[in-house]
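Listing of input.csv, CSV, C-alpha atoms
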```csv
chain,number,residue,atom,x,y,z
U,1,MET,CA,40.4,57.2,-55.5
U,2,ALA,CA,37.0,57.7,-57.2
U,3,ALA,CA,37.4,54.3,-59.0
U,4,SER,CA,38.0,52.5,-55.7
U,5,THR,CA,35.0,54.2,-54.1
U,6,LEU,CA,32.8,53.2,-57.1
U,7,LYS,CA,34.1,49.6,-56.8
U,8,ALA,CA,33.2,49.5,-53.1
U,9,VAL,CA,29.7,50.8,-53.8
U,10,ALA,CA,29.2,48.3,-56.5
U,11,LEU,CA,30.3,45.4,-54.3
U,12,PHE,CA,28.0,46.6,-51.5
U,13,ALA,CA,25.1,46.8,-53.9
U,14,LEU,CA,25.8,43.2,-55.0
U,15,ALA,CA,26.1,42.0,-51.4
U,16,LEU,CA,23.0,43.9,-50.1
U,17,PRO,CA,20.4,41.2,-50.9
U,18,ALA,CA,22.5,38.5,-49.2
U,19,LEU,CA,23.0,40.8,-46.1
U,20,GLN,CA,19.2,41.4,-46.0
U,21,ALA,CA,18.5,37.7,-46.2
U,22,ILE,CA,20.9,37.0,-43.3
U,23,ALA,CA,19.2,39.8,-41.3
U,24,ALA,CA,15.8,38.4,-42.0
U,25,HIS,CA,17.0,34.9,-41.0
U,26,LEU,CA,18.4,36.3,-37.7
U,27,ASP,CA,15.0,38.0,-37.0
U,28,GLN,CA,13.1,34.8,-37.6
U,29,GLN,CA,12.4,33.3,-34.2
U,30,ALA,CA,12.9,29.6,-33.7
U,31,ILE,CA,9.9,27.3,-33.5
U,32,SER,CA,10.1,24.7,-30.7
U,33,LEU,CA,7.8,21.6,-30.6
U,34,ASP,CA,7.5,19.4,-27.5
U,35,ALA,CA,5.2,16.4,-27.4
U,36,GLN,CA,4.6,13.4,-25.1
U,37,SER,CA,4.5,11.1,-28.2
U,38,SER,CA,4.5,11.4,-32.0
U,39,GLU,CA,3.6,9.4,-35.1
U,40,LEU,CA,5.3,10.6,-38.3
U,41,ASP,CA,4.0,9.3,-41.6
U,42,TYR,CA,6.3,10.9,-44.1
U,43,LYS,CA,4.8,8.9,-47.0
U,44,ASN,CA,1.4,10.5,-46.6
U,45,ASN,CA,2.7,13.7,-45.1
U,46,ASN,CA,0.7,13.2,-41.9
U,47,LEU,CA,2.0,13.9,-38.4
U,48,LEU,CA,0.2,13.2,-35.1
U,49,PHE,CA,1.4,14.5,-31.7
U,50,ARG,CA,-0.1,13.9,-28.3
U,51,LYS,CA,0.2,16.4,-25.3
U,52,VAL,CA,1.8,18.9,-27.6
U,53,ARG,CA,3.2,22.4,-27.2
U,54,ILE,CA,4.5,24.6,-30.0
U,55,THR,CA,6.3,27.8,-29.1
U,56,GLN,CA,7.7,30.7,-31.2
U,57,GLY,CA,8.8,33.8,-29.4
U,58,ASN,CA,6.1,35.0,-27.0
U,59,MET,CA,3.4,32.9,-28.8
U,60,SER,CA,2.5,29.3,-28.0
U,61,VAL,CA,-0.1,26.6,-28.8
U,62,ALA,CA,-0.8,23.7,-26.5
U,63,ALA,CA,-3.3,20.9,-26.8
U,64,GLU,CA,-4.0,17.2,-26.0
U,65,GLN,CA,-3.5,16.3,-29.6
U,66,ALA,CA,-2.3,17.9,-32.9
U,67,GLN,CA,-2.4,16.7,-36.5
U,68,ALA,CA,-0.4,18.4,-39.2
U,69,THR,CA,0.2,18.3,-42.9
U,70,GLY,CA,4.0,19.0,-42.6
U,71,LEU,CA,6.7,19.7,-40.1
U,72,ASP,CA,8.7,22.3,-41.9
U,73,PHE,CA,6.2,25.2,-40.9
U,74,GLU,CA,6.9,26.8,-44.3
U,75,ASN,CA,3.3,26.2,-45.4
U,76,SER,CA,1.5,23.8,-43.1
U,77,ARG,CA,-1.9,23.4,-41.6
U,78,TRP,CA,-2.4,22.0,-38.0
U,79,VAL,CA,-5.5,20.9,-36.2
U,80,PHE,CA,-5.4,20.9,-32.4
U,81,ARG,CA,-7.9,19.1,-30.3
U,82,GLY,CA,-8.7,18.9,-26.6
U,83,ASN,CA,-8.0,21.8,-24.1
U,84,VAL,CA,-6.5,24.0,-26.8
U,85,LYS,CA,-4.7,27.1,-25.4
U,86,ILE,CA,-3.1,29.7,-27.6
U,87,THR,CA,-1.0,32.3,-25.8
U,88,MET,CA,-0.1,35.6,-27.3
U,89,ASP,CA,0.9,39.1,-26.1
U,90,GLN,CA,-0.8,39.6,-22.7
U,91,GLY,CA,-3.6,37.3,-23.8
U,92,GLN,CA,-4.9,33.9,-24.7
U,93,LEU,CA,-7.5,32.0,-26.7
U,94,THR,CA,-8.9,28.7,-25.4
U,95,SER,CA,-11.2,26.2,-27.1
U,96,ASP,CA,-12.0,22.6,-27.8
U,97,GLU,CA,-10.5,22.7,-31.3
U,98,ALA,CA,-8.3,25.0,-33.3
U,99,GLU,CA,-7.1,25.1,-36.9
U,100,ILE,CA,-3.8,26.9,-37.2
U,101,THR,CA,-1.9,27.9,-40.4
U,102,PHE,CA,1.8,28.4,-40.5
U,103,ALA,CA,3.2,30.4,-43.5
U,104,LYS,CA,6.9,31.1,-44.0
U,105,LYS,CA,7.7,29.7,-40.6
U,106,LEU,CA,5.3,32.1,-38.8
U,107,LEU,CA,2.0,31.4,-37.1
U,108,ALA,CA,-0.3,33.3,-39.6
U,109,LYS,CA,-3.8,32.4,-38.6
U,110,ALA,CA,-5.8,30.6,-36.0
U,111,ILE,CA,-9.5,29.6,-36.1
U,112,VAL,CA,-10.8,28.2,-32.8
U,113,ASN,CA,-14.1,26.5,-32.2
U,114,GLY,CA,-15.6,25.5,-28.9
U,115,ASN,CA,-18.6,25.5,-26.7
U,116,PRO,CA,-17.8,28.3,-26.4
U,117,ALA,CA,-14.3,29.4,-27.7
U,118,ALA,CA,-12.9,32.1,-25.4
U,119,PHE,CA,-10.5,35.0,-25.6
U,120,GLU,CA,-8.9,37.3,-23.0
U,121,GLN,CA,-6.3,40.0,-23.0
U,122,ARG,CA,-5.1,42.4,-20.3
U,123,ILE,CA,-5.9,46.0,-21.3
U,124,ALA,CA,-2.8,48.1,-20.9
U,125,LYS,CA,-4.6,51.4,-20.2
U,126,THR,CA,-6.9,50.2,-17.5
U,127,GLY,CA,-5.2,47.0,-16.3
U,128,LYS,CA,-8.6,45.2,-16.6
U,129,LEU,CA,-9.2,42.0,-18.4
U,130,ALA,CA,-10.9,42.1,-21.8
U,131,ARG,CA,-12.8,38.8,-22.3
U,132,GLY,CA,-14.8,37.4,-25.2
U,133,ARG,CA,-16.5,34.2,-26.2
U,134,ALA,CA,-18.3,32.9,-29.3
U,135,ASP,CA,-18.9,29.7,-31.1
U,136,SER,CA,-16.0,30.5,-33.4
U,137,ILE,CA,-13.0,32.9,-33.1
U,138,ASP,CA,-10.7,33.7,-36.0
U,139,TYR,CA,-7.4,35.3,-35.1
U,140,ASP,CA,-5.5,37.0,-37.9
U,141,VAL,CA,-2.0,37.3,-36.4
U,142,ALA,CA,-0.7,39.7,-39.1
U,143,LYS,CA,-3.6,42.2,-38.6
U,144,GLY,CA,-3.8,41.6,-34.9
U,145,VAL,CA,-7.5,41.1,-35.1
U,146,VAL,CA,-9.7,38.6,-33.2
U,147,HIS,CA,-13.0,38.0,-35.0
U,148,LEU,CA,-15.7,36.5,-32.8
U,149,SER,CA,-18.7,35.1,-34.7
U,150,LYS,CA,-22.0,33.3,-33.7
U,151,ASN,CA,-23.2,34.3,-30.3
U,152,ALA,CA,-20.4,36.7,-29.8
U,153,TRP,CA,-19.9,38.4,-26.4
U,154,LEU,CA,-17.1,40.8,-25.4
U,155,SER,CA,-16.4,42.7,-22.2
U,156,ASP,CA,-13.8,45.4,-21.4
U,157,GLY,CA,-13.9,44.5,-17.7
U,158,GLN,CA,-16.7,46.9,-17.1
U,159,ASN,CA,-19.0,47.1,-20.1
U,160,GLU,CA,-20.4,44.3,-22.3
U,161,ILE,CA,-21.3,44.1,-25.9
U,162,ARG,CA,-23.2,41.2,-27.7
U,163,GLY,CA,-23.7,40.6,-31.4
U,164,GLU,CA,-23.6,38.0,-34.1
U,165,SER,CA,-20.1,39.2,-35.1
U,166,LEU,CA,-17.6,41.3,-33.1
U,167,LYS,CA,-14.0,42.2,-33.8
U,168,TYR,CA,-11.3,43.0,-31.2
U,169,ASN,CA,-8.0,44.6,-32.2
U,170,VAL,CA,-5.3,43.2,-29.9
U,171,VAL,CA,-2.9,46.0,-30.7
U,172,ALA,CA,-5.3,49.0,-30.5
U,173,GLN,CA,-7.3,47.2,-27.8
U,174,ASN,CA,-10.7,48.3,-29.2
U,175,ILE,CA,-14.0,46.6,-30.2
U,176,VAL,CA,-15.8,46.9,-33.6
U,177,ALA,CA,-19.3,45.7,-34.4
U,178,GLU,CA,-20.0,46.2,-38.1
U,179,ALA,CA,-23.6,46.4,-39.2
U,180,SER,CA,-23.0,44.3,-42.3
U,181,GLU,CA,-22.0,41.3,-40.2
U,182,GLN,CA,-24.9,41.2,-37.7
U,183,GLY,CA,-27.4,39.4,-39.9
U,184,SER,CA,-30.9,39.9,-38.5
U,185,GLN,CA,-29.5,40.7,-35.0
U,186,ARG,CA,-28.8,44.0,-33.5
U,187,VAL,CA,-25.8,44.8,-31.3
U,188,HIS,CA,-26.6,45.0,-27.6
U,189,ILE,CA,-24.4,46.9,-25.2
U,190,ILE,CA,-24.6,47.0,-21.4
U,191,ILE,CA,-22.8,49.9,-19.8
U,192,THR,CA,-22.1,49.6,-16.1
U,193,PRO,CA,-21.3,52.9,-14.4
U,194,PRO,CA,-18.1,52.9,-12.3
U,195,ALA,CA,-18.7,52.3,-8.6
U,196,ASN,CA,-18.8,55.4,-6.4
U,197,PRO,CA,-15.8,55.6,-4.2
U,198,LYS,CA,-16.6,55.6,-0.5
U,199,PRO,CA,-15.9,58.9,1.2
```
Starting from the coordinates I provided, produce the structure as structure tokens.
Amino acid sequence: MAASTLKAVALFALALPALQAIAAHLDQQAISLDAQSSELDYKNNNLLFRKVRITQGNMSVAAEQAQATGLDFENSRWVFRGNVKITMDQGQLTSDEAEITFAKKLLAKAIVNGNPAAFEQRIAKTGKLARGRADSIDYDVAKGVVHLSKNAWLSDGQNEIRGESLKYNVVAQNIVAEASEQGSQRVHIIITPPANPKP
């Protein structure tokens, strides 16, 4: 009896890595790409899509044009141009141009540039819309942090904060303005008192 139990445990230990790999594969959400037209140059590993939309789970990226260094999404860099819209949990980023990195078949990082680039997310606690804009916005998907730099402005739907560099955590839904990132500028905050309810 003990020998058969040991054998079963040994077999399970050998099978565990394979089972974990299968579970990880099942957790991996499919990536869907839709485009009006495409040009695929496999020799030079260059892909061009027009009127493109890439979706994975609840995240999506849409633009007039996208150029990529590979279609496998394992380790590829994409440049989106024209009416770029990145949709994420209860929020979005919009810009003229975005550079997006996919790693291990996941959207890992997005850098958006525009005049200005813009960000918004519904704040769960208040129901108000957090909005931000800057010349450049860097979205680290793994950390859930949106970093606005150069002429950065953020509002929580009532109060405003301006600085050279501001960070917004999309999970904790809070704003951070680190002194070391402000250069010669100071952080400027405008606090608007809530409206008095009418009796």
CA of Arg133 (chain U) to CA of Leu154 (chain U), straight-line distance in Å
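For CA of Leu154 (chain U) relative to CA of Arg133 (chain U), the distance reads 6.7 Å.
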Spatial neighbours of Gln67 (chain U), 12 Å, all atoms listed in the file, chain gap at least 6 places, as a PyMOL selection string:
chain U and resi 35+38-41+45-52+76-82+97-101
I'd like the contact shell of Ala118 (chain U) - 6 Å cut-off, only C-alpha atoms, skipping same-chain residues fewer than 3 positions apart - returned as an NGL selection string.
:U and (93-94 or 132-133)
For Leu107 (chain U), the nearest of the candidates U:Ser149, U:Ser60, U:Gln121, U:Gln65, counting all atoms listed in the file
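Selected residue with least distance to Leu107 (chain U): U:Ser60.
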Could you name the residues that touch Ile54 (chain U) at 10 Å or less, counting only C-alpha atoms, but leaving out those on the same chain fewer than 6 positions away, as a PDB file with C-alpha atoms, in the coordinates of the input?
```
ATOM      1  CA  ILE U  31       9.900  27.300 -33.500  1.00  0.00           C
ATOM      2  CA  SER U  32      10.100  24.700 -30.700  1.00  0.00           C
ATOM      3  CA  LEU U  33       7.800  21.600 -30.600  1.00  0.00           C
ATOM      4  CA  ASP U  34       7.500  19.400 -27.500  1.00  0.00           C
ATOM      5  CA  ALA U  35       5.200  16.400 -27.400  1.00  0.00           C
ATOM      6  CA  SER U  60       2.500  29.300 -28.000  1.00  0.00           C
ATOM      7  CA  VAL U  61      -0.100  26.600 -28.800  1.00  0.00           C
ATOM      8  CA  ALA U  62      -0.800  23.700 -26.500  1.00  0.00           C
ATOM      9  CA  ALA U  63      -3.300  20.900 -26.800  1.00  0.00           C
ATOM     10  CA  ALA U  66      -2.300  17.900 -32.900  1.00  0.00           C
ATOM     11  CA  ILE U  86      -3.100  29.700 -27.600  1.00  0.00           C
TER      12      ILE U  86
END
```
By how many Å are CA of Ile161 (chain U) and CA of Ile175 (chain U) apart?
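A separation of 8.8 Å between them.
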Using the atoms already present, construct all heavy atoms for region 88-99 of chain U and hand them back as a CSV table (one decimal), keeping the file's coordinate frame.
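New file rebuild.csv:
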```csv
chain,number,residue,atom,x,y,z
U,88,MET,N,-0.7,34.6,-26.5
U,88,MET,CA,-0.1,35.6,-27.3
U,88,MET,C,0.2,36.8,-26.4
U,88,MET,O,0.2,36.6,-25.2
U,88,MET,CB,-1.1,36.1,-28.4
U,88,MET,CG,-2.4,36.5,-27.8
U,88,MET,SD,-3.6,36.7,-29.1
U,88,MET,CE,-5.1,36.2,-28.3
U,89,ASP,N,0.6,38.0,-26.9
U,89,ASP,CA,0.9,39.1,-26.1
U,89,ASP,C,-0.2,39.4,-25.1
U,89,ASP,O,-1.3,39.8,-25.5
U,89,ASP,CB,1.1,40.4,-27.0
U,89,ASP,CG,2.6,40.4,-27.5
U,89,ASP,OD1,3.4,39.9,-26.9
U,89,ASP,OD2,2.8,41.1,-28.6
U,90,GLN,N,0.1,39.3,-23.8
U,90,GLN,CA,-0.8,39.6,-22.7
U,90,GLN,C,-2.2,39.0,-22.9
U,90,GLN,O,-3.1,39.6,-22.4
U,90,GLN,CB,-0.8,41.1,-22.6
U,90,GLN,CG,0.5,41.8,-22.3
U,90,GLN,CD,0.4,43.3,-22.2
U,90,GLN,OE1,-0.7,43.9,-22.3
U,90,GLN,NE2,1.5,43.9,-22.1
U,91,GLY,N,-2.3,37.9,-23.6
U,91,GLY,CA,-3.6,37.3,-23.8
U,91,GLY,C,-3.6,35.9,-24.2
U,91,GLY,O,-2.5,35.3,-24.3
U,92,GLN,N,-4.8,35.3,-24.3
U,92,GLN,CA,-4.9,33.9,-24.7
U,92,GLN,C,-6.2,33.6,-25.4
U,92,GLN,O,-7.2,34.3,-25.1
U,92,GLN,CB,-4.6,33.0,-23.6
U,92,GLN,CG,-5.7,33.1,-22.5
U,92,GLN,CD,-5.4,32.1,-21.3
U,92,GLN,OE1,-4.2,31.7,-21.1
U,92,GLN,NE2,-6.3,31.8,-20.5
U,93,LEU,N,-6.2,32.5,-26.2
U,93,LEU,CA,-7.5,32.0,-26.7
U,93,LEU,C,-7.5,30.5,-26.2
U,93,LEU,O,-6.5,29.8,-26.2
U,93,LEU,CB,-7.4,31.9,-28.3
U,93,LEU,CG,-7.5,33.2,-29.0
U,93,LEU,CD1,-6.9,33.1,-30.4
U,93,LEU,CD2,-8.9,33.7,-29.1
U,94,THR,N,-8.7,30.1,-25.8
U,94,THR,CA,-8.9,28.7,-25.4
U,94,THR,C,-10.1,28.1,-26.1
U,94,THR,O,-11.1,28.9,-26.5
U,94,THR,CB,-9.2,28.6,-23.9
U,94,THR,OG1,-10.3,29.5,-23.5
U,94,THR,CG2,-7.9,29.0,-23.1
U,95,SER,N,-10.1,26.8,-26.4
U,95,SER,CA,-11.2,26.2,-27.1
U,95,SER,C,-11.1,24.7,-27.1
U,95,SER,O,-10.1,24.1,-26.5
U,95,SER,CB,-11.1,26.6,-28.6
U,95,SER,OG,-10.0,26.2,-29.2
U,96,ASP,N,-12.1,24.0,-27.7
U,96,ASP,CA,-12.0,22.6,-27.8
U,96,ASP,C,-11.2,22.2,-29.0
U,96,ASP,O,-10.6,21.1,-29.0
U,96,ASP,CB,-13.4,22.0,-28.0
U,96,ASP,CG,-14.4,22.4,-26.8
U,96,ASP,OD1,-13.9,22.4,-25.7
U,96,ASP,OD2,-15.6,22.6,-27.1
U,97,GLU,N,-11.2,23.0,-30.0
U,97,GLU,CA,-10.5,22.7,-31.3
U,97,GLU,C,-10.0,23.9,-31.9
U,97,GLU,O,-10.6,25.0,-31.8
U,97,GLU,CB,-11.5,21.9,-32.2
U,97,GLU,CG,-10.8,21.5,-33.5
U,97,GLU,CD,-11.8,20.7,-34.4
U,97,GLU,OE1,-12.3,19.6,-33.9
U,97,GLU,OE2,-12.1,21.1,-35.5
U,98,ALA,N,-8.8,23.8,-32.6
U,98,ALA,CA,-8.3,25.0,-33.3
U,98,ALA,C,-7.6,24.5,-34.6
U,98,ALA,O,-7.0,23.4,-34.6
U,98,ALA,CB,-7.3,25.7,-32.5
U,99,GLU,N,-7.8,25.3,-35.7
U,99,GLU,CA,-7.1,25.1,-36.9
U,99,GLU,C,-6.1,26.2,-37.1
U,99,GLU,O,-6.5,27.4,-37.1
U,99,GLU,CB,-8.0,25.0,-38.1
U,99,GLU,CG,-7.4,24.7,-39.4
U,99,GLU,CD,-8.4,24.6,-40.5
U,99,GLU,OE1,-9.4,24.0,-40.4
U,99,GLU,OE2,-8.1,25.3,-41.6
```
